[in-house]
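Source file: model_0.tsv. Holds: TSV, C-alpha atoms and all ligand atoms.
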```tsv
chain	number	residue	atom	x	y	z
O	1245	MET	CA	3.88	22.69	-19.19
O	1246	ALA	CA	2.04	24.63	-21.89
O	1247	ARG	CA	4.16	26.69	-24.24
O	1248	LYS	CA	3.33	30.32	-23.58
O	1249	ILE	CA	3.84	32.71	-26.46
O	1250	ALA	CA	3.10	36.42	-26.90
O	1251	PHE	CA	2.74	38.10	-30.30
O	1252	ILE	CA	3.73	41.72	-29.97
O	1253	ASN	CA	5.38	44.63	-31.76
O	1254	TYR	CA	5.43	48.28	-30.69
O	1255	LYS	CA	4.10	49.07	-34.17
O	1256	GLY	CA	0.30	48.88	-34.54
O	1257	GLY	CA	-1.54	47.32	-37.46
O	1258	VAL	CA	1.25	44.94	-38.53
O	1259	GLY	CA	-0.94	41.83	-38.23
O	1260	LYS	CA	-0.50	40.68	-34.62
O	1261	THR	CA	-4.16	39.74	-34.23
O	1262	SER	CA	-4.63	38.13	-37.63
O	1263	LEU	CA	-1.44	36.09	-37.24
O	1264	ILE	CA	-2.26	34.89	-33.75
O	1265	VAL	CA	-5.88	33.99	-34.50
O	1266	ASN	CA	-4.90	32.01	-37.58
O	1267	THR	CA	-1.81	30.41	-36.06
O	1268	ALA	CA	-3.81	29.37	-32.98
O	1269	ALA	CA	-6.47	27.86	-35.24
O	1270	CYS	CA	-3.85	25.90	-37.19
O	1271	LEU	CA	-2.16	24.68	-34.01
O	1272	ALA	CA	-5.56	23.41	-32.79
O	1273	LYS	CA	-6.26	21.82	-36.16
O	1274	MET	CA	-2.94	19.94	-35.78
O	1275	GLY	CA	-4.37	18.39	-32.59
O	1276	ASN	CA	-2.98	20.75	-29.96
O	1277	ARG	CA	-5.09	22.13	-27.11
O	1278	VAL	CA	-4.80	25.89	-27.49
O	1279	LEU	CA	-5.93	28.82	-25.36
O	1280	LEU	CA	-5.89	32.24	-27.02
O	1281	ILE	CA	-5.93	35.13	-24.54
O	1282	ASP	CA	-6.98	38.54	-25.85
O	1283	LEU	CA	-5.12	41.29	-24.01
O	1284	ASP	CA	-6.02	44.17	-26.31
O	1285	THR	CA	-8.85	46.35	-25.08
O	1286	GLN	CA	-9.86	46.90	-28.74
O	1287	SER	CA	-11.09	43.28	-28.42
O	1288	ASN	CA	-10.38	42.49	-32.06
O	1289	ALA	CA	-9.54	38.81	-31.57
O	1290	SER	CA	-12.53	38.32	-29.26
O	1291	ILE	CA	-15.02	39.95	-31.63
O	1292	TRP	CA	-13.53	38.05	-34.56
O	1293	LEU	CA	-13.83	34.61	-32.95
O	1294	MET	CA	-17.07	35.10	-30.95
O	1295	ARG	CA	-18.78	37.32	-33.55
O	1296	LEU	CA	-20.40	40.53	-32.40
O	1297	GLU	CA	-23.62	39.06	-31.02
O	1298	ARG	CA	-21.98	36.65	-28.60
O	1299	TRP	CA	-19.24	39.10	-27.63
O	1300	ASN	CA	-21.77	41.94	-27.02
O	1301	LYS	CA	-23.35	39.92	-24.23
O	1302	VAL	CA	-20.02	39.70	-22.43
O	1303	ASN	CA	-19.20	43.34	-23.10
O	1304	GLU	CA	-22.57	44.54	-21.74
O	1305	THR	CA	-22.20	42.73	-18.42
O	1306	GLY	CA	-18.42	43.11	-18.22
O	1307	GLU	CA	-18.35	39.56	-16.84
O	1308	GLY	CA	-16.54	36.63	-18.37
O	1309	ALA	CA	-13.60	38.64	-19.67
O	1310	VAL	CA	-9.99	39.27	-18.64
O	1311	TYR	CA	-10.78	42.29	-16.44
O	1312	SER	CA	-13.33	40.25	-14.42
O	1313	ILE	CA	-10.50	38.74	-12.39
O	1314	PHE	CA	-9.48	42.19	-11.19
O	1315	ASP	CA	-12.98	43.06	-10.00
O	1316	PRO	CA	-12.54	41.50	-6.57
O	1317	GLY	CA	-14.19	38.16	-6.03
O	1318	LYS	CA	-16.16	38.31	-9.24
O	1319	GLN	CA	-14.68	35.55	-11.34
O	1320	THR	CA	-11.56	33.52	-11.81
O	1321	LEU	CA	-9.80	33.22	-15.10
O	1322	ALA	CA	-11.04	29.63	-15.42
O	1323	ASP	CA	-14.68	30.89	-15.26
O	1324	CYS	CA	-14.14	33.17	-18.25
O	1325	ILE	CA	-12.92	30.70	-20.85
O	1326	VAL	CA	-15.07	30.15	-23.94
O	1327	GLN	CA	-14.51	26.49	-24.83
O	1328	ASP	CA	-14.12	25.50	-28.48
O	1329	VAL	CA	-14.88	29.05	-29.51
O	1330	VAL	CA	-15.08	28.63	-33.31
O	1331	GLU	CA	-18.67	28.04	-34.38
O	1332	SER	CA	-20.61	28.14	-37.62
O	1333	LYS	CA	-23.47	30.64	-37.90
O	1334	ASP	CA	-25.77	27.76	-36.75
O	1335	GLY	CA	-23.76	27.19	-33.59
O	1336	GLU	CA	-22.00	24.05	-34.81
O	1337	LYS	CA	-18.57	23.63	-33.20
O	1338	LEU	CA	-16.00	23.77	-35.97
O	1339	LEU	CA	-12.70	23.52	-34.15
O	1340	PRO	CA	-12.55	21.50	-30.94
O	1341	GLY	CA	-9.39	22.42	-29.09
O	1342	LEU	CA	-9.30	26.19	-29.59
O	1343	ASP	CA	-10.49	28.03	-26.48
O	1344	LEU	CA	-10.66	31.79	-25.99
O	1345	LEU	CA	-10.26	33.99	-22.95
O	1346	PRO	CA	-12.03	37.06	-24.31
O	1347	THR	CA	-11.58	40.65	-23.41
O	1348	THR	CA	-14.01	43.55	-23.46
O	1349	PHE	CA	-13.59	47.32	-23.54
O	1350	ASN	CA	-13.36	47.48	-19.73
O	1351	LEU	CA	-9.80	46.11	-19.88
O	1352	VAL	CA	-8.77	49.75	-20.32
O	1353	ASP	CA	-9.63	50.24	-16.62
O	1354	LEU	CA	-6.64	48.11	-15.71
O	1355	GLU	CA	-4.40	50.95	-16.89
O	1356	SER	CA	-5.58	53.64	-14.48
O	1357	GLU	CA	-8.71	52.79	-12.47
O	1358	TYR	CA	-7.29	49.62	-11.00
O	1359	LYS	CA	-5.52	50.16	-7.70
O	1360	GLY	CA	-3.73	46.96	-6.85
O	1361	ASP	CA	-1.42	45.92	-4.07
O	1362	PRO	CA	2.18	46.71	-5.09
O	1363	GLN	CA	3.22	43.47	-3.38
O	1364	ARG	CA	0.83	41.54	-5.62
O	1365	PRO	CA	0.97	43.22	-9.01
O	1366	HIS	CA	-1.73	42.57	-11.60
O	1367	TYR	CA	0.55	40.29	-13.65
O	1368	LEU	CA	1.25	38.07	-10.62
O	1369	ILE	CA	-2.47	37.66	-9.88
O	1370	PHE	CA	-3.08	36.80	-13.52
O	1371	HIS	CA	-0.16	34.38	-13.61
O	1372	GLU	CA	-1.33	32.49	-10.52
O	1373	GLN	CA	-4.77	32.01	-12.06
O	1374	LEU	CA	-3.23	30.93	-15.34
O	1375	GLN	CA	-1.13	28.31	-13.55
O	1376	ALA	CA	-4.34	26.71	-12.28
O	1377	ILE	CA	-5.47	25.89	-15.83
O	1378	GLU	CA	-2.17	25.59	-17.64
O	1379	ALA	CA	-2.15	21.78	-17.57
O	1380	ASN	CA	-5.23	21.78	-19.84
O	1381	TYR	CA	-3.25	23.22	-22.75
O	1382	ASP	CA	-0.33	22.60	-25.08
O	1383	TYR	CA	-0.22	26.26	-26.11
O	1384	ILE	CA	-1.31	29.47	-24.43
O	1385	VAL	CA	-0.95	32.43	-26.79
O	1386	PHE	CA	-1.39	36.12	-25.96
O	1387	ASP	CA	-2.59	38.76	-28.41
O	1388	CYS	CA	-1.11	42.04	-27.15
O	1389	PRO	CA	-1.66	45.70	-28.04
O	1390	PRO	CA	1.33	47.60	-29.48
O	1391	ASN	CA	2.78	48.55	-26.09
O	1392	ILE	CA	3.88	47.01	-22.78
O	1393	LEU	CA	1.42	48.80	-20.51
O	1394	ARG	CA	-0.44	46.83	-17.84
O	1395	ALA	CA	-2.69	44.70	-20.08
O	1396	SER	CA	0.27	43.54	-22.16
O	1397	GLN	CA	2.27	42.89	-19.01
O	1398	LEU	CA	-0.21	40.14	-18.10
O	1399	GLY	CA	0.92	38.18	-21.12
O	1400	ILE	CA	4.57	39.21	-21.10
O	1401	PHE	CA	5.09	38.13	-17.49
O	1402	SER	CA	3.59	34.69	-18.10
O	1403	ALA	CA	5.03	34.09	-21.57
O	1404	ASN	CA	8.47	32.67	-22.23
O	1405	GLU	CA	8.54	33.32	-25.97
O	1406	VAL	CA	7.82	36.40	-28.02
O	1407	TYR	CA	7.17	36.46	-31.75
O	1408	VAL	CA	7.25	39.83	-33.47
O	1409	PRO	CA	4.88	40.34	-36.42
O	1410	SER	CA	6.37	42.83	-38.84
O	1411	ASN	CA	5.72	44.39	-42.19
O	1412	PRO	CA	8.63	44.95	-44.54
O	1413	ASP	CA	9.00	48.63	-43.69
O	1414	ALA	CA	11.13	50.96	-41.57
O	1415	LEU	CA	8.38	51.54	-38.99
O	1416	SER	CA	8.18	47.84	-38.12
O	1417	LEU	CA	11.94	47.88	-37.48
O	1418	ILE	CA	11.55	50.90	-35.19
O	1419	GLY	CA	8.68	49.09	-33.45
O	1420	PHE	CA	10.86	46.03	-32.94
O	1421	THR	CA	13.71	48.14	-31.53
O	1422	LEU	CA	11.41	49.86	-29.07
O	1423	LEU	CA	9.81	46.55	-28.13
O	1424	VAL	CA	13.12	44.96	-27.15
O	1425	GLU	CA	14.04	47.99	-25.04
O	1426	LYS	CA	10.70	48.03	-23.19
O	1427	LEU	CA	10.61	44.25	-22.82
O	1428	LEU	CA	13.98	44.17	-21.10
O	1429	MET	CA	12.93	47.04	-18.82
O	1430	PHE	CA	9.77	45.22	-17.82
O	1431	ASN	CA	11.63	41.94	-17.26
O	1432	ALA	CA	14.08	43.71	-14.94
O	1433	ARG	CA	11.27	45.46	-13.05
O	1434	SER	CA	9.24	42.28	-12.53
O	1435	ALA	CA	12.18	39.93	-11.84
O	1436	SER	CA	11.64	39.82	-8.08
O	1437	PHE	CA	8.15	38.39	-8.61
O	1438	ARG	CA	9.30	35.44	-10.70
O	1439	LYS	CA	9.13	32.02	-9.11
O	1440	PRO	CA	11.00	28.78	-9.72
O	1441	GLY	CA	9.45	26.78	-12.53
O	1442	MET	CA	8.27	29.78	-14.55
O	1443	GLY	CA	11.00	29.33	-17.16
O	1444	VAL	CA	12.91	32.16	-18.80
O	1445	PRO	CA	11.46	35.70	-18.84
O	1446	ALA	CA	9.81	36.50	-22.18
O	1447	GLN	CA	12.38	36.83	-24.92
O	1448	VAL	CA	12.18	37.37	-28.65
O	1449	GLU	CA	12.38	34.06	-30.51
O	1450	GLY	CA	11.34	35.14	-33.96
O	1451	ILE	CA	10.23	37.80	-36.42
O	1452	ILE	CA	7.29	37.03	-38.71
O	1453	PHE	CA	6.93	38.99	-41.93
O	1454	ASN	CA	3.27	39.56	-42.73
O	1455	SER	CA	1.16	41.04	-45.54
O	1456	ILE	CA	3.75	40.46	-48.24
O	1457	LYS	CA	2.46	41.62	-51.61
O	1458	GLN	CA	3.11	39.44	-54.61
O	1459	GLY	CA	6.02	40.61	-56.75
O	1460	VAL	CA	7.34	43.02	-54.10
O	1461	ASP	CA	10.98	42.51	-53.23
O	1462	ILE	CA	11.45	42.58	-49.46
O	1463	GLU	CA	15.16	41.75	-49.39
O	1464	VAL	CA	16.26	45.20	-48.17
O	1465	PRO	CA	13.89	45.52	-45.17
O	1466	LYS	CA	14.56	41.86	-44.40
O	1467	MET	CA	18.31	42.48	-44.41
O	1468	ARG	CA	17.92	45.50	-42.11
O	1469	MET	CA	15.85	43.44	-39.70
O	1470	GLN	CA	18.43	40.65	-39.85
O	1471	LEU	CA	21.25	43.07	-39.00
O	1472	ARG	CA	19.34	44.43	-36.00
O	1473	LEU	CA	18.58	40.87	-34.87
O	1474	ASN	CA	22.26	39.90	-35.17
O	1475	GLN	CA	23.26	42.91	-33.02
O	1476	TYR	CA	20.71	41.98	-30.38
O	1477	ARG	CA	21.70	38.32	-30.35
O	1478	LYS	CA	25.31	39.31	-29.83
O	1479	ALA	CA	24.31	41.64	-26.98
O	1480	LYS	CA	22.08	38.88	-25.54
O	1481	ARG	CA	19.05	41.14	-25.75
O	1482	VAL	CA	17.04	38.43	-27.56
O	1483	SER	CA	17.12	34.62	-27.52
O	1484	GLN	CA	20.32	33.13	-28.91
O	1485	ARG	CA	18.28	31.32	-31.54
O	1486	ALA	CA	16.08	34.28	-32.51
O	1487	ARG	CA	15.64	34.47	-36.28
O	1488	ILE	CA	13.39	35.67	-39.04
O	1489	LEU	CA	11.00	32.78	-39.61
O	1490	ASP	CA	11.19	31.04	-42.98
O	1491	THR	CA	7.43	31.33	-43.36
O	1492	GLN	CA	6.15	34.69	-44.46
O	1493	VAL	CA	2.45	35.41	-44.85
O	1494	ARG	CA	1.21	36.84	-48.10
O	1495	ASP	CA	-1.14	39.78	-48.43
O	1496	ALA	CA	-4.62	38.44	-49.20
O	1497	THR	CA	-8.05	40.05	-49.07
O	1498	VAL	CA	-9.52	36.85	-47.63
O	1499	VAL	CA	-7.87	37.75	-44.30
O	1500	ARG	CA	-10.20	40.76	-43.99
O	1501	ARG	CA	-13.17	38.70	-45.20
O	1502	ALA	CA	-12.47	36.07	-42.52
O	1503	VAL	CA	-12.87	38.76	-39.83
O	1504	THR	CA	-16.29	39.69	-41.19
O	1505	LEU	CA	-17.31	36.02	-41.30
O	1506	GLY	CA	-16.07	35.42	-37.75
O	1507	LEU	CA	-13.89	32.50	-38.81
O	1508	PRO	CA	-10.20	31.68	-38.99
O	1509	VAL	CA	-8.96	31.77	-42.58
O	1510	ILE	CA	-8.67	27.95	-42.83
O	1511	PHE	CA	-12.48	27.79	-42.69
O	1512	VAL	CA	-13.01	30.32	-45.47
O	1513	SER	CA	-12.87	29.26	-49.08
O	1514	GLN	CA	-10.59	31.35	-51.23
O	1515	THR	CA	-10.36	32.31	-54.84
O	1516	ALA	CA	-7.11	32.84	-56.69
O	1517	ASP	CA	-8.11	36.48	-56.78
O	1518	GLU	CA	-8.12	36.74	-53.01
O	1519	GLY	CA	-4.48	35.73	-52.70
O	1520	ASP	CA	-4.94	32.07	-53.43
O	1521	ASN	CA	-3.77	30.03	-50.57
O	1522	VAL	CA	-2.87	32.21	-47.61
O	1523	SER	CA	-4.17	29.29	-45.49
O	1524	ALA	CA	-1.05	27.37	-46.49
O	1525	ASP	CA	1.07	30.20	-45.07
O	1526	TYR	CA	-0.70	30.04	-41.70
O	1527	ILE	CA	-0.43	26.23	-41.64
O	1528	ASN	CA	3.30	26.47	-42.40
O	1529	LEU	CA	3.74	29.16	-39.77
O	1530	ALA	CA	2.05	27.04	-37.09
O	1531	ALA	CA	4.19	24.05	-38.11
O	1532	GLU	CA	7.36	26.15	-37.95
O	1533	ILE	CA	6.55	27.49	-34.49
O	1534	HIS	CA	5.58	23.98	-33.35
O	1535	LYS	CA	8.87	22.60	-34.67
O	1536	ASN	CA	10.80	25.08	-32.49
O	1537	ALA	CA	9.08	23.50	-29.48
O	1538	LEU	CA	10.00	20.00	-30.58
O	1539	ALA	CA	13.60	21.11	-31.00
O	1540	ASP	CA	13.49	22.32	-27.39
O	1541	ALA	CA	12.08	19.02	-26.18
O	1542	SER	CA	14.84	17.07	-27.89
O	1543	VAL	CA	17.50	19.26	-26.23
O	1544	ALA	CA	15.98	18.81	-22.78
O	1601	LIG	N1	-1.89	38.83	-44.65
O	1601	LIG	C1	-2.78	39.84	-44.72
O	1601	LIG	N2	-3.34	40.20	-45.89
O	1601	LIG	C2	-4.22	41.21	-45.96
O	1601	LIG	N3	-4.63	41.95	-44.93
O	1601	LIG	C3	-4.11	41.65	-43.72
O	1601	LIG	C4	-3.16	40.59	-43.54
O	1601	LIG	N4	-2.83	40.54	-42.23
O	1601	LIG	C5	-3.54	41.52	-41.63
O	1601	LIG	N5	-4.31	42.18	-42.50
O	1601	LIG	C6	-5.21	43.31	-42.24
O	1601	LIG	O1	-4.44	44.39	-41.72
O	1601	LIG	C7	-5.15	45.06	-40.71
O	1601	LIG	C8	-4.33	45.05	-39.42
O	1601	LIG	O2	-4.21	43.69	-39.02
O	1601	LIG	P1	-4.31	43.27	-37.49
O	1601	LIG	O3	-5.53	43.83	-36.85
O	1601	LIG	O4	-4.10	41.80	-37.44
O	1601	LIG	O5	-3.03	44.04	-36.94
O	1601	LIG	P2	-2.60	44.31	-35.41
O	1601	LIG	O6	-1.12	44.38	-35.43
O	1601	LIG	O7	-3.22	43.31	-34.53
O	1601	LIG	O8	-3.22	45.74	-35.14
O	1601	LIG	P3	-3.34	46.50	-33.72
O	1601	LIG	O9	-1.98	47.09	-33.46
O	1601	LIG	O10	-4.40	47.52	-33.93
O	1601	LIG	O11	-3.71	45.47	-32.70
O	1601	LIG	C9	-6.49	44.35	-40.58
O	1601	LIG	O12	-7.45	45.03	-41.35
O	1601	LIG	C10	-6.22	42.97	-41.15
O	1601	LIG	O13	-7.38	42.36	-41.69
O	1602	MG	MG	-4.40	43.57	-32.81
```

Can the structure from this file be put into structure tokens for me?
Amino acid sequence: MARKIAFINYKGGVGKTSLIVNTAACLAKMGNRVLLIDLDTQSNASIWLMRLERWNKVNETGEGAVYSIFDPGKQTLADCIVQDVVESKDGEKLLPGLDLLPTTFNLVDLESEYKGDPQRPHYLIFHEQLQAIEANYDYIVFDCPPNILRASQLGIFSANEVYVPSNPDALSLIGFTLLVEKLLMFNARSASFRKPGMGVPAQVEGIIFNSIKQGVDIEVPKMRMQLRLNQYRKAKRVSQRARILDTQVRDATVVRRAVTLGLPVIFVSQTADEGDNVSADYINLAAEIHKNALADASVA
């Protein structure tokens, strides 16, 4: 069974998309088969990895994206996958093993226009289609917006693990607190739709500190986050092994440049000026998340 992981925080702009794009790329580079699913109607991950020209074609037709499966009979999720999405400007495949299920701006229609059957909620339809392709992957990762409205619920219902990107500030801690509350509410509300074999409902496994500036001491915000995490572990509101990951990702201008180039950071050369080797942080992060999986396997 593929490991299914959502990156989410109720705080916007903390680095969910940049962490998931780069972690997914590193997991694929390590030899894993990875599917990245973009569940944010802003379409940042999709535009980043497909570049504007390719993504525009999907956005114009509205076909070949997450919302297509809710437009009755149009397409299945399997039809929408962009295989080996990372390409050079000349169309050369750079990273076999990283596939993308893109989104377009019409995903916003899931929030209000879409009138589904209450007995078959949107997240159940999505999950059933995901099950049909799950065996093709080692990892399925979901980039979520900073909320648990319907689009996010697609990922949250299918995922077993949640990682929470955070910045070392008070607002990220508030975002984390709100996330846990809303996550537990959603899990309770959707419990009757869960089936045997789905694994545990999504639970927080880790906090990832992102955009850490050189020379800035983050011990205080880290300690506050740790205290909150300890409280939640004790109250069984998060996984019993939830922790702040050892790997933290430095602040580096190359991250923004990589978006413009339409490439994961590991494919962009960096100068010392640009934050030196933020690639190493993403590689370490992917290895740390991967190691959690191996620990699971050895327990089982
Ligand atoms: N390590 C980093 N160093 C420098 N800039 C970064 C880093 N990580 C993210 N950024 C920049 O911060 C901004 C927000 O990042 P990103 O879009 O990944 O956040 P997000 O949490 O996905 O936002 P949203 O809530 O809008 O989805 C972007 O401009 C991104 O390029
Ligand atoms: Mg984002």

- Message: List as number ranges by chain the protein and nucleic acid residues lying within 10 Å of ligand LIG 1601 (chain O), with only C-alpha atoms and all ligand atoms counted.
- Response: O: 1251-1266, 1283-1289, 1387-1391, 1408-1411, 1453-1457, 1492-1504, 1518-1519, 1522-1523, 1525-1526

- Message: Residues near Asp1343 (chain O), anyone? I mean within 10 Å using only C-alpha atoms, not counting same-chain ones fewer than 6 positions away, as a PyMOL selection string.
- Response: chain O and resi 1268-1269+1272+1277-1281+1293+1325-1330+1381+1384

Would you mind exporting C-alpha atoms of the selected residues as a PDB file, keeping the file's coordinate frame?
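After the write, again-v1.pdb holds the following:
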```pdb
ATOM      1  CA  ALA O1268      -3.810  29.370 -32.980  1.00  0.00           C
ATOM      2  CA  ALA O1269      -6.470  27.860 -35.240  1.00  0.00           C
ATOM      3  CA  ALA O1272      -5.560  23.410 -32.790  1.00  0.00           C
ATOM      4  CA  ARG O1277      -5.090  22.130 -27.110  1.00  0.00           C
ATOM      5  CA  VAL O1278      -4.800  25.890 -27.490  1.00  0.00           C
ATOM      6  CA  LEU O1279      -5.930  28.820 -25.360  1.00  0.00           C
ATOM      7  CA  LEU O1280      -5.890  32.240 -27.020  1.00  0.00           C
ATOM      8  CA  ILE O1281      -5.930  35.130 -24.540  1.00  0.00           C
ATOM      9  CA  LEU O1293     -13.830  34.610 -32.950  1.00  0.00           C
ATOM     10  CA  ILE O1325     -12.920  30.700 -20.850  1.00  0.00           C
ATOM     11  CA  VAL O1326     -15.070  30.150 -23.940  1.00  0.00           C
ATOM     12  CA  GLN O1327     -14.510  26.490 -24.830  1.00  0.00           C
ATOM     13  CA  ASP O1328     -14.120  25.500 -28.480  1.00  0.00           C
ATOM     14  CA  VAL O1329     -14.880  29.050 -29.510  1.00  0.00           C
ATOM     15  CA  VAL O1330     -15.080  28.630 -33.310  1.00  0.00           C
ATOM     16  CA  TYR O1381      -3.250  23.220 -22.750  1.00  0.00           C
ATOM     17  CA  ILE O1384      -1.310  29.470 -24.430  1.00  0.00           C
TER      18      ILE O1384
END
```

- Message: At a cut-off of 9 Å, using all atoms listed in the file, what residues contact Phe1437 (chain O)? Leave out same-chain residues fewer than 4 positions from it and give the result as a list in words.
- Response: Gln1363, Arg1364, Pro1365, Leu1368 and Arg1433 of chain O

- Message: Need the shell around Asn1431 (chain O): protein/DNA/RNA residues with any atom at most 8 Å away, counting only C-alpha atoms. Skip same-chain ones fewer than 2 positions apart. Format as a PyMOL selection string?
- Response: chain O and resi 1401+1427-1429+1433-1435+1445-1446

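Relative to CA of Glu1405 (chain O), CA of Met1442 (chain O) is found at 12.0 Å.
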
- Message: Which residue is closest to ligand MG 1602 (chain O)? Choose from O:Phe1386, O:Lys1273, O:Gln1397, O:Glu1378 and count all atoms listed in the file.
- Response: O:Phe1386
